[in-house]
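Chemist: One structure coming up, written as structure tokens, with questions to follow.
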Amino acid sequence: MSSRAKLRVLVAKPGLDDHDRGAKVIARAFRDAGMEVIYTGLRQTPEQIVNTAVQEDVDAIALSILSGAHMTLFPRIFELMRKEGIGDVLVIGGGIIPDEDVSELKKIGLSGVFGPGTPTSVVVDYVVQHVRRR
Amino acid sequence: MEASVIKVDQLVEGVLKDDRKAIARLISLIENDSPEGLSAVRLLYPHTGRAYVIGVTGPAGCGKSTLIYRLASELRKKGKTVGVVAIDPTSPFSGGALLGDRIRMQNLSTDEGVYIRSMATRGTLGGLAKATADAVRVLDASGKDVVFVETSGAGQSEVDVIKVAHTILVVMAPGLGDDIQASKAGMMEIGDIFIINKADRENADRAVEEIQGMIELGAQEGRWRPPVVKTTASSGRGVENVIEKIEEHEEYLNRTSAKENLVHRSEIEIAEALRYRLTDRLMAELRKNSNFAKLVKRVAAKKLDPYSAADRLVSEYIRKRGRSRRKP
């Protein structure tokens with residue numbers, strides 16, 4: 001990457017839960033780590049998330065879900081990502097996602113899950129190490 | 001190892017076909033100051049000049065993003081396609097940025113006829129003006145009828161960035177001392193339409209009067225007299241009025257001196273390109289010059305002044321270029 005290149009990360013909350021504190025904390029942590037964070041706020045549909053990811057040419061997508069709808073939302077998002085040709089973008093999850101669901105989701109595209117209480121430095125390091133190089 | 005092979009021709013072709021991935025990738029290359037990005041922009045240049053560019057500036061928190069959302073929605077109803085470049089400041093401490101303008105435009109995220117891109121200022125003034133101008137060119141070449149450029153707030157850098165626009169909207173809100181802010185930042189000189197947003201608040205009429213007073217001070221016979229419009233972007237009130245005024249301004253530009261304007265804009269574009277070529281690119285090359293380090297030491301020891309050092313570097317550069325051209 002050139003000296004001017006920055007990592008661009010989309011932080012989004014799919015579905016209907018309104019608990020955005022975690023998402024905001026992560027967004028700020030990414031910013032403090034020198035990344036450009038596209039923060040789209042609450043109630044994002046999978047279509048909105050993927051369209052945003054395409055237009056903003058992001059390197060990673062961080063999704064925060066506390067509503068329990070992850071088994072519907074994540075697969076739909078991965079499906080759309082593949083359709084739009086951005087299947088190689090890193091996807092990580094936060095919020096409340098049970099372990100047994102995590103292993104299922106990892107098979108279809110989820111790279112890592114970082115629940116409440118994870119130090120933000122851990123999440124930041126993970127993203128930096130796992131984004132695809134261009 | 002995964003290597004992305006960037007084919008300039010593919011990008012250009014993609015942009016002309018309004019392929020969103022190509023547009024996105026090219027804007028990133030432009031932001032990263034890549035040579036492939038520059039090549040692509042040069043190839044796209046003949047396909048630009050169709051889009052109407054609207055700059056939106058003004059102090060933070062006055063509703064620029066919400067207003068753009070409303071304006072874009074209205075334009076969509078009229079069948080126009082829209083591009084938005086939304087700029088937010090890069091943190092000088094971390095080098096990162098929180099780009100949140102899209103939040104106000106979320107309903108347009110799935111509209112095929114709207115392309116929204118968030119950009120961070122990234123620290124070099126000249127670099128931002130160039131990146132913004134090139135991003136606008138890409139959206140223009142992809143076929144967008146209207147492109148909005150939203151800057152991050154009042155200030156000199158915003159004035160440079162926004163020169164790419166045909167019509168400049170200055171958005172303010174009552175009660176924030178904006179008349180003073182506006183005059184400080186050069187907003188009064190560059191604004192074509194002044195908007196008092198959040199007009200449901202107290203003192204909206206007084207804010208209108210104050211801005212009108214300042215406009216009177218600078219008014220010239222026979223020139224465009226900037227109107228002041230009240231809006232409440234959150235509800236959409238006054239937005240149709242703004243569109244009317246934009247159309248009036250466009251007519252004024254076409255009527256008065258369309259050719260002159262085009263020439264003037266081209267002058268500005270060349271000046272920008274020169275500035276980029278002479279300063280950024282030249283600086284990067286000169287720094288690699290082996291003499292550079294020696295000259296730095298001499299200047300540090302006060303044996304040479306910086307201006308003489310600069311002159312020597314430039315003369316040598318010109319000599320070298322002349323020599324390389326004469327080679328068979």
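Convention: chains lettered A, B, ... in structure tokens order; per-chain residue numbering from 1; ligands numbered from 1 as shown.
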Once you count only C-alpha atoms, what closest atom pair and distance in Å to one decimal does each residue of chain B within 6 Å of chain A have, with rows by chain and rising residue number, as JSON lines?
Modeler:
```
{"residue": "B:Ser4", "atom": "CA", "partner": "A:Arg134", "partner_atom": "CA", "distance": 5.7}
{"residue": "B:Ala24", "atom": "CA", "partner": "A:Gln55", "partner_atom": "CA", "distance": 5.2}
{"residue": "B:Asn32", "atom": "CA", "partner": "A:Ala5", "partner_atom": "CA", "distance": 4.9}
{"residue": "B:Ser94", "atom": "CA", "partner": "A:Gly34", "partner_atom": "CA", "distance": 5.0}
{"residue": "B:Gly95", "atom": "CA", "partner": "A:Gly34", "partner_atom": "CA", "distance": 4.7}
{"residue": "B:Gly96", "atom": "CA", "partner": "A:Gly34", "partner_atom": "CA", "distance": 3.7}
{"residue": "B:Ala97", "atom": "CA", "partner": "A:Glu36", "partner_atom": "CA", "distance": 4.7}
{"residue": "B:Leu98", "atom": "CA", "partner": "A:Val37", "partner_atom": "CA", "distance": 5.0}
{"residue": "B:Leu99", "atom": "CA", "partner": "A:Ile38", "partner_atom": "CA", "distance": 4.8}
{"residue": "B:Gly100", "atom": "CA", "partner": "A:Tyr39", "partner_atom": "CA", "distance": 5.3}
{"residue": "B:Ile103", "atom": "CA", "partner": "A:Thr40", "partner_atom": "CA", "distance": 5.0}
{"residue": "B:Ser109", "atom": "CA", "partner": "A:Gln48", "partner_atom": "CA", "distance": 5.5}
{"residue": "B:Thr110", "atom": "CA", "partner": "A:Gln48", "partner_atom": "CA", "distance": 5.7}
{"residue": "B:Arg117", "atom": "CA", "partner": "A:Glu56", "partner_atom": "CA", "distance": 5.7}
```
Chemist: The selected residues should be written to file as an mmCIF file, in the first residue's frame (atoms: C-alpha atoms).
Modeler:
```cif
data_model
loop_
_atom_site.group_PDB
_atom_site.id
_atom_site.type_symbol
_atom_site.label_atom_id
_atom_site.label_comp_id
_atom_site.auth_asym_id
_atom_site.auth_seq_id
_atom_site.Cartn_x
_atom_site.Cartn_y
_atom_site.Cartn_z
ATOM 1 C CA SER B 4 -4.798 -7.542 -7.629
ATOM 2 C CA ALA B 24 -15.315 2.522 -6.196
ATOM 3 C CA ASN B 32 -4.134 6.862 -2.632
ATOM 4 C CA SER B 94 -4.440 9.222 14.628
ATOM 5 C CA GLY B 95 -4.655 9.758 10.879
ATOM 6 C CA GLY B 96 -8.000 7.994 10.982
ATOM 7 C CA ALA B 97 -11.462 9.374 10.326
ATOM 8 C CA LEU B 98 -15.075 8.814 11.282
ATOM 9 C CA LEU B 99 -17.090 9.204 8.102
ATOM 10 C CA GLY B 100 -20.686 9.526 9.168
ATOM 11 C CA ILE B 103 -26.182 8.118 8.045
ATOM 12 C CA SER B 109 -28.189 3.488 -0.189
ATOM 13 C CA THR B 110 -30.072 0.977 -2.289
ATOM 14 C CA ARG B 117 -18.804 8.067 -1.493
#
```
Chemist: From a DSSP pass on the backbone, collect the residues of segment 76-321 of chain B flagged as strand (DSSP E) and hand them back as a VMD selection string.
Modeler: chain B and resid 82 to 88 97 to 99 114 to 120 146 to 150 167 to 172 193 to 196 228 to 230
Chemist: Show which residues sit within 10 Å of segment 218-229 of chain B, as a PyMOL selection string. Count only C-alpha atoms, and ignore same-chain residues fewer than 3 positions away.
Modeler: chain B and resi 169-171+188-197+199+207-209+211-215+238-239+241-242+245+248-249+252-253+256
Chemist: Do a neighbour search on Glu269 of chain B at 12 Å with only C-alpha atoms, toss out local chain neighbours closer than 5 positions, and write the hits as a PyMOL selection string.
Modeler: chain B and resi 45+129-130+132-134+137+160-161+163-165+262-264+274-276
Chemist: Return as a short mmCIF file (atom, residue, chain, number, x, y, z; two decimals) with N, CA and C atoms, in the first residue's frame the full set of residues in segment 20-188 of chain B whose backbone-based DSSP assignment is helix (DSSP H, G or I).
Modeler:
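Saved as part_15.cif:
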```
data_model
loop_
_atom_site.label_atom_id
_atom_site.label_comp_id
_atom_site.auth_asym_id
_atom_site.auth_seq_id
_atom_site.Cartn_x
_atom_site.Cartn_y
_atom_site.Cartn_z
N ARG B 20 -20.37 -0.13 -10.54
CA ARG B 20 -20.09 0.46 -9.23
C ARG B 20 -18.74 0.03 -8.64
N LYS B 21 -18.37 -1.20 -8.91
CA LYS B 21 -17.09 -1.66 -8.36
C LYS B 21 -15.93 -0.91 -8.99
N ALA B 22 -16.02 -0.67 -10.31
CA ALA B 22 -14.95 0.05 -11.00
C ALA B 22 -14.87 1.48 -10.48
N ILE B 23 -16.03 2.10 -10.31
CA ILE B 23 -16.06 3.47 -9.79
C ILE B 23 -15.41 3.51 -8.40
N ALA B 24 -15.82 2.56 -7.57
CA ALA B 24 -15.31 2.52 -6.20
C ALA B 24 -13.80 2.33 -6.17
N ARG B 25 -13.33 1.38 -6.98
CA ARG B 25 -11.91 1.07 -6.99
C ARG B 25 -11.10 2.27 -7.50
N LEU B 26 -11.61 2.92 -8.52
CA LEU B 26 -10.87 4.05 -9.08
C LEU B 26 -10.79 5.20 -8.10
N ILE B 27 -11.90 5.47 -7.41
CA ILE B 27 -11.84 6.56 -6.43
C ILE B 27 -10.83 6.24 -5.33
N SER B 28 -10.72 4.98 -4.94
CA SER B 28 -9.71 4.61 -3.94
C SER B 28 -8.30 4.85 -4.48
N LEU B 29 -8.07 4.47 -5.74
CA LEU B 29 -6.75 4.69 -6.33
C LEU B 29 -6.42 6.17 -6.38
N ILE B 30 -7.44 6.98 -6.69
CA ILE B 30 -7.25 8.42 -6.71
C ILE B 30 -6.88 8.93 -5.32
N GLU B 31 -7.60 8.45 -4.32
CA GLU B 31 -7.33 8.88 -2.94
C GLU B 31 -5.93 8.49 -2.52
N PRO B 35 -0.41 6.07 -9.55
CA PRO B 35 -0.22 6.42 -10.97
C PRO B 35 -1.32 5.81 -11.86
N GLU B 36 -1.79 4.60 -11.50
CA GLU B 36 -2.87 3.99 -12.32
C GLU B 36 -4.12 4.84 -12.24
N GLY B 37 -4.38 5.36 -11.03
CA GLY B 37 -5.55 6.22 -10.85
C GLY B 37 -5.46 7.44 -11.75
N LEU B 38 -4.29 8.05 -11.76
CA LEU B 38 -4.09 9.24 -12.59
C LEU B 38 -4.25 8.92 -14.07
N SER B 39 -3.69 7.80 -14.51
CA SER B 39 -3.84 7.40 -15.91
C SER B 39 -5.30 7.24 -16.27
N ALA B 40 -6.05 6.59 -15.39
CA ALA B 40 -7.48 6.37 -15.66
C ALA B 40 -8.23 7.70 -15.75
N VAL B 41 -7.91 8.61 -14.84
CA VAL B 41 -8.60 9.92 -14.86
C VAL B 41 -8.30 10.66 -16.16
N ARG B 42 -7.04 10.56 -16.61
CA ARG B 42 -6.69 11.23 -17.86
C ARG B 42 -7.49 10.66 -19.03
N LEU B 43 -7.66 9.35 -19.04
CA LEU B 43 -8.42 8.72 -20.12
C LEU B 43 -9.90 9.06 -20.04
N LEU B 44 -10.39 9.28 -18.81
CA LEU B 44 -11.82 9.59 -18.64
C LEU B 44 -12.14 11.05 -18.92
N TYR B 45 -11.12 11.89 -18.90
CA TYR B 45 -11.38 13.33 -19.00
C TYR B 45 -12.28 13.75 -20.16
N PRO B 46 -12.06 13.21 -21.39
CA PRO B 46 -12.94 13.62 -22.49
C PRO B 46 -14.41 13.28 -22.26
N HIS B 47 -14.67 12.36 -21.33
CA HIS B 47 -16.05 11.97 -21.05
C HIS B 47 -16.67 12.76 -19.91
N LYS B 64 -26.06 19.90 6.50
CA LYS B 64 -25.66 19.75 5.09
C LYS B 64 -26.06 18.38 4.55
N SER B 65 -25.71 17.33 5.30
CA SER B 65 -25.98 15.97 4.81
C SER B 65 -27.47 15.72 4.65
N THR B 66 -28.25 16.17 5.63
CA THR B 66 -29.69 15.97 5.54
C THR B 66 -30.26 16.72 4.35
N LEU B 67 -29.75 17.92 4.13
CA LEU B 67 -30.22 18.72 2.99
C LEU B 67 -29.88 18.03 1.67
N ILE B 68 -28.67 17.50 1.57
CA ILE B 68 -28.28 16.79 0.35
C ILE B 68 -29.20 15.59 0.14
N TYR B 69 -29.49 14.89 1.22
CA TYR B 69 -30.40 13.75 1.12
C TYR B 69 -31.74 14.19 0.53
N ARG B 70 -32.26 15.31 1.02
CA ARG B 70 -33.55 15.81 0.52
C ARG B 70 -33.46 16.24 -0.93
N LEU B 71 -32.38 16.98 -1.25
CA LEU B 71 -32.21 17.45 -2.62
C LEU B 71 -32.06 16.27 -3.58
N ALA B 72 -31.24 15.30 -3.19
CA ALA B 72 -31.03 14.13 -4.04
C ALA B 72 -32.34 13.38 -4.26
N SER B 73 -33.14 13.25 -3.21
CA SER B 73 -34.42 12.55 -3.33
C SER B 73 -35.33 13.26 -4.32
N GLU B 74 -35.37 14.60 -4.24
CA GLU B 74 -36.19 15.37 -5.18
C GLU B 74 -35.71 15.18 -6.61
N LEU B 75 -34.39 15.22 -6.78
CA LEU B 75 -33.83 15.06 -8.12
C LEU B 75 -34.14 13.67 -8.68
N ARG B 76 -34.13 12.67 -7.78
CA ARG B 76 -34.45 11.32 -8.22
C ARG B 76 -35.88 11.24 -8.74
N LYS B 77 -36.77 11.96 -8.08
CA LYS B 77 -38.17 11.97 -8.53
C LYS B 77 -38.27 12.55 -9.93
N ASP B 101 -21.38 10.93 7.28
CA ASP B 101 -22.40 11.68 6.54
C ASP B 101 -23.46 10.78 5.93
N ARG B 102 -23.07 9.56 5.57
CA ARG B 102 -24.03 8.63 4.97
C ARG B 102 -25.24 8.33 5.83
N ILE B 103 -25.07 8.43 7.14
CA ILE B 103 -26.18 8.12 8.04
C ILE B 103 -27.43 8.90 7.64
N ARG B 104 -27.22 10.15 7.24
CA ARG B 104 -28.37 10.98 6.89
C ARG B 104 -28.96 10.62 5.54
N MET B 105 -28.25 9.77 4.77
CA MET B 105 -28.70 9.49 3.41
C MET B 105 -29.02 8.01 3.23
N GLN B 106 -29.27 7.33 4.31
CA GLN B 106 -29.38 5.89 4.24
C GLN B 106 -30.47 5.38 3.31
N ASN B 107 -31.57 6.10 3.21
CA ASN B 107 -32.64 5.63 2.34
C ASN B 107 -32.22 5.58 0.88
N LEU B 108 -31.14 6.28 0.56
CA LEU B 108 -30.68 6.28 -0.84
C LEU B 108 -29.63 5.20 -1.10
N LEU B 125 -3.91 19.80 2.12
CA LEU B 125 -4.94 20.65 1.50
C LEU B 125 -5.01 20.47 0.00
N GLY B 126 -3.88 20.60 -0.64
CA GLY B 126 -3.86 20.51 -2.09
C GLY B 126 -4.27 19.13 -2.54
N GLY B 127 -3.85 18.14 -1.81
CA GLY B 127 -4.19 16.77 -2.14
C GLY B 127 -5.68 16.53 -2.12
N LEU B 128 -6.37 17.16 -1.16
CA LEU B 128 -7.81 16.96 -1.06
C LEU B 128 -8.54 17.58 -2.25
N ALA B 129 -8.13 18.80 -2.62
CA ALA B 129 -8.79 19.46 -3.74
C ALA B 129 -8.65 18.63 -5.00
N LYS B 130 -7.45 18.07 -5.21
CA LYS B 130 -7.21 17.25 -6.39
C LYS B 130 -8.03 15.97 -6.32
N ALA B 131 -8.00 15.30 -5.18
CA ALA B 131 -8.74 14.03 -5.06
C ALA B 131 -10.24 14.25 -5.26
N THR B 132 -10.73 15.34 -4.71
CA THR B 132 -12.16 15.63 -4.85
C THR B 132 -12.51 15.90 -6.31
N ALA B 133 -11.69 16.74 -6.96
CA ALA B 133 -11.96 17.05 -8.37
C ALA B 133 -11.95 15.78 -9.21
N ASP B 134 -11.00 14.90 -8.95
CA ASP B 134 -10.91 13.66 -9.74
C ASP B 134 -12.06 12.72 -9.42
N ALA B 135 -12.47 12.65 -8.15
CA ALA B 135 -13.61 11.79 -7.80
C ALA B 135 -14.87 12.29 -8.50
N VAL B 136 -15.02 13.62 -8.54
CA VAL B 136 -16.18 14.19 -9.24
C VAL B 136 -16.13 13.83 -10.72
N ARG B 137 -14.91 13.88 -11.30
CA ARG B 137 -14.77 13.52 -12.72
C ARG B 137 -15.20 12.09 -12.97
N VAL B 138 -14.85 11.20 -12.05
CA VAL B 138 -15.22 9.79 -12.22
C VAL B 138 -16.73 9.65 -12.21
N LEU B 139 -17.39 10.30 -11.24
CA LEU B 139 -18.86 10.20 -11.16
C LEU B 139 -19.50 10.84 -12.39
N ASP B 140 -18.91 11.92 -12.84
CA ASP B 140 -19.37 12.61 -14.05
C ASP B 140 -19.28 11.64 -15.24
N ALA B 141 -18.11 11.05 -15.43
CA ALA B 141 -17.89 10.14 -16.56
C ALA B 141 -18.79 8.90 -16.49
N GLN B 156 -10.71 27.65 5.05
CA GLN B 156 -10.05 27.95 3.77
C GLN B 156 -9.93 26.70 2.90
N SER B 157 -9.67 25.55 3.51
CA SER B 157 -9.54 24.33 2.72
C SER B 157 -10.82 24.02 1.99
N GLU B 158 -11.95 24.31 2.64
CA GLU B 158 -13.24 24.06 2.00
C GLU B 158 -13.40 24.95 0.78
N VAL B 159 -12.91 26.19 0.87
CA VAL B 159 -13.05 27.10 -0.26
C VAL B 159 -12.31 26.54 -1.47
N ASP B 160 -11.12 25.98 -1.27
CA ASP B 160 -10.36 25.41 -2.38
C ASP B 160 -11.06 24.18 -2.96
N VAL B 161 -11.53 23.32 -2.07
CA VAL B 161 -12.15 22.07 -2.50
C VAL B 161 -13.40 22.32 -3.32
N ILE B 162 -14.14 23.35 -2.91
CA ILE B 162 -15.47 23.54 -3.47
C ILE B 162 -15.46 24.27 -4.80
N LYS B 163 -14.28 24.73 -5.23
CA LYS B 163 -14.20 25.47 -6.49
C LYS B 163 -14.58 24.62 -7.69
N VAL B 164 -14.62 23.31 -7.48
CA VAL B 164 -14.99 22.40 -8.56
C VAL B 164 -16.48 22.52 -8.92
N ASP B 178 -23.30 32.18 13.03
CA ASP B 178 -22.76 31.79 11.74
C ASP B 178 -22.47 32.93 10.81
N ASP B 179 -23.13 34.05 11.04
CA ASP B 179 -22.85 35.15 10.12
C ASP B 179 -21.39 35.56 10.25
N ILE B 180 -20.91 35.50 11.48
CA ILE B 180 -19.51 35.86 11.68
C ILE B 180 -18.59 34.77 11.12
N GLN B 181 -18.95 33.52 11.42
CA GLN B 181 -18.15 32.41 10.88
C GLN B 181 -18.10 32.47 9.37
N ALA B 182 -19.25 32.75 8.78
CA ALA B 182 -19.35 32.76 7.32
C ALA B 182 -18.43 33.82 6.73
N SER B 183 -18.42 35.00 7.33
CA SER B 183 -17.62 36.05 6.73
C SER B 183 -16.13 35.77 6.93
N LYS B 184 -15.80 35.11 8.02
CA LYS B 184 -14.40 34.80 8.27
C LYS B 184 -13.87 33.82 7.25
N MET B 187 -16.87 32.45 3.02
CA MET B 187 -18.11 31.88 2.53
C MET B 187 -18.95 32.91 1.79
N MET B 188 -18.90 34.14 2.27
CA MET B 188 -19.76 35.15 1.66
C MET B 188 -19.35 35.39 0.21
#
```
Chemist: If we count only C-alpha atoms, what is near Leu66 of chain A at a cut-off of 10 Å, once residues fewer than 4 positions away on the same chain are taken out, given as a PDB file with N, CA and C atoms, in the first residue's frame?
Modeler:
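Once everything was written out, this is result-v8.pdb:
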```pdb
ATOM      1  N   LYS A  13     -24.873  -1.849  11.875  1.00  0.00           N
ATOM      2  CA  LYS A  13     -25.753  -2.648  12.719  1.00  0.00           C
ATOM      3  C   LYS A  13     -26.931  -3.140  11.880  1.00  0.00           C
ATOM      4  N   PRO A  14     -26.870  -4.382  11.464  1.00  0.00           N
ATOM      5  CA  PRO A  14     -27.998  -4.921  10.708  1.00  0.00           C
ATOM      6  C   PRO A  14     -29.145  -5.268  11.652  1.00  0.00           C
ATOM      7  N   GLY A  15     -30.338  -5.313  11.104  1.00  0.00           N
ATOM      8  CA  GLY A  15     -31.483  -5.754  11.899  1.00  0.00           C
ATOM      9  C   GLY A  15     -32.053  -4.652  12.769  1.00  0.00           C
ATOM     10  N   LEU A  16     -32.839  -5.065  13.734  1.00  0.00           N
ATOM     11  CA  LEU A  16     -33.680  -4.097  14.421  1.00  0.00           C
ATOM     12  C   LEU A  16     -33.260  -3.730  15.835  1.00  0.00           C
ATOM     13  N   ASP A  17     -32.120  -4.222  16.306  1.00  0.00           N
ATOM     14  CA  ASP A  17     -31.804  -3.846  17.689  1.00  0.00           C
ATOM     15  C   ASP A  17     -31.130  -2.481  17.732  1.00  0.00           C
ATOM     16  N   ASP A  18     -31.420  -1.763  18.783  1.00  0.00           N
ATOM     17  CA  ASP A  18     -30.974  -0.371  18.875  1.00  0.00           C
ATOM     18  C   ASP A  18     -29.795  -0.156  19.807  1.00  0.00           C
ATOM     19  N   HIS A  19     -29.083  -1.211  20.161  1.00  0.00           N
ATOM     20  CA  HIS A  19     -27.968  -1.039  21.095  1.00  0.00           C
ATOM     21  C   HIS A  19     -26.698  -0.748  20.325  1.00  0.00           C
ATOM     22  N   ASP A  20     -26.387   0.538  20.197  1.00  0.00           N
ATOM     23  CA  ASP A  20     -25.254   0.866  19.344  1.00  0.00           C
ATOM     24  C   ASP A  20     -23.992   1.276  20.090  1.00  0.00           C
ATOM     25  N   GLY A  22     -21.672  -0.505  21.590  1.00  0.00           N
ATOM     26  CA  GLY A  22     -20.515  -1.323  21.190  1.00  0.00           C
ATOM     27  C   GLY A  22     -20.004  -0.937  19.810  1.00  0.00           C
ATOM     28  N   HIS A  70     -28.856 -13.147  13.846  1.00  0.00           N
ATOM     29  CA  HIS A  70     -27.627 -13.332  13.068  1.00  0.00           C
ATOM     30  C   HIS A  70     -27.701 -14.469  12.061  1.00  0.00           C
ATOM     31  N   GLY A  94     -19.676  -8.755  16.025  1.00  0.00           N
ATOM     32  CA  GLY A  94     -19.629  -8.405  17.436  1.00  0.00           C
ATOM     33  C   GLY A  94     -21.024  -8.470  18.011  1.00  0.00           C
ATOM     34  N   GLY A  95     -21.116  -8.366  19.329  1.00  0.00           N
ATOM     35  CA  GLY A  95     -22.444  -8.404  19.942  1.00  0.00           C
ATOM     36  C   GLY A  95     -22.689  -9.748  20.599  1.00  0.00           C
ATOM     37  N   ILE A  96     -23.886 -10.280  20.387  1.00  0.00           N
ATOM     38  CA  ILE A  96     -24.218 -11.557  21.026  1.00  0.00           C
ATOM     39  C   ILE A  96     -24.419 -12.616  19.943  1.00  0.00           C
ATOM     40  N   ILE A  97     -23.415 -13.448  19.759  1.00  0.00           N
ATOM     41  CA  ILE A  97     -23.517 -14.536  18.786  1.00  0.00           C
ATOM     42  C   ILE A  97     -23.027 -15.806  19.463  1.00  0.00           C
TER      43      ILE A  97
END
```
Chemist: Expressed in Å to a single decimal, how great is the separation between atom CA of Ile246 of chain B and atom CA of His166 of chain B?
Modeler: 9.6 Å
Chemist: Could you state the separation of atom CA of Asp111 of chain B and atom CA of Phe78 of chain A in Å, given to one decimal place?
Modeler: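 Atom CA of Phe78 of chain A lies 20.0 Å from atom CA of Asp111 of chain B.
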Chemist: Show me, as a PyMOL selection string, the residues that have an atom within 6 Å of Ala60 of chain A when counting only C-alpha atoms, minus same-chain residues fewer than 6 positions from it.
Modeler: chain A and resi 9+89-91
Chemist: Find the residue from A:Arg21, A:Pro116, A:Asp125, A:Met71 that sits nearest to Ser103 of chain A; use only C-alpha atoms when measuring.
Modeler: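 The closest residue to Ser103 of chain A is A:Met71.
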Chemist: Quote the spacing between atom CA of Gly123 of chain B and atom CA of Val128 of chain A in Å to one decimal place.
Modeler: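 Calculated distance between atom CA of Gly123 of chain B and atom CA of Val128 of chain A is 21.7 Å.
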Chemist: Find the residue from A:Ser111, A:Thr118, A:Thr72, A:Ser67 that sits nearest to His130 of chain A; use only C-alpha atoms when measuring.
Modeler: A:Ser111
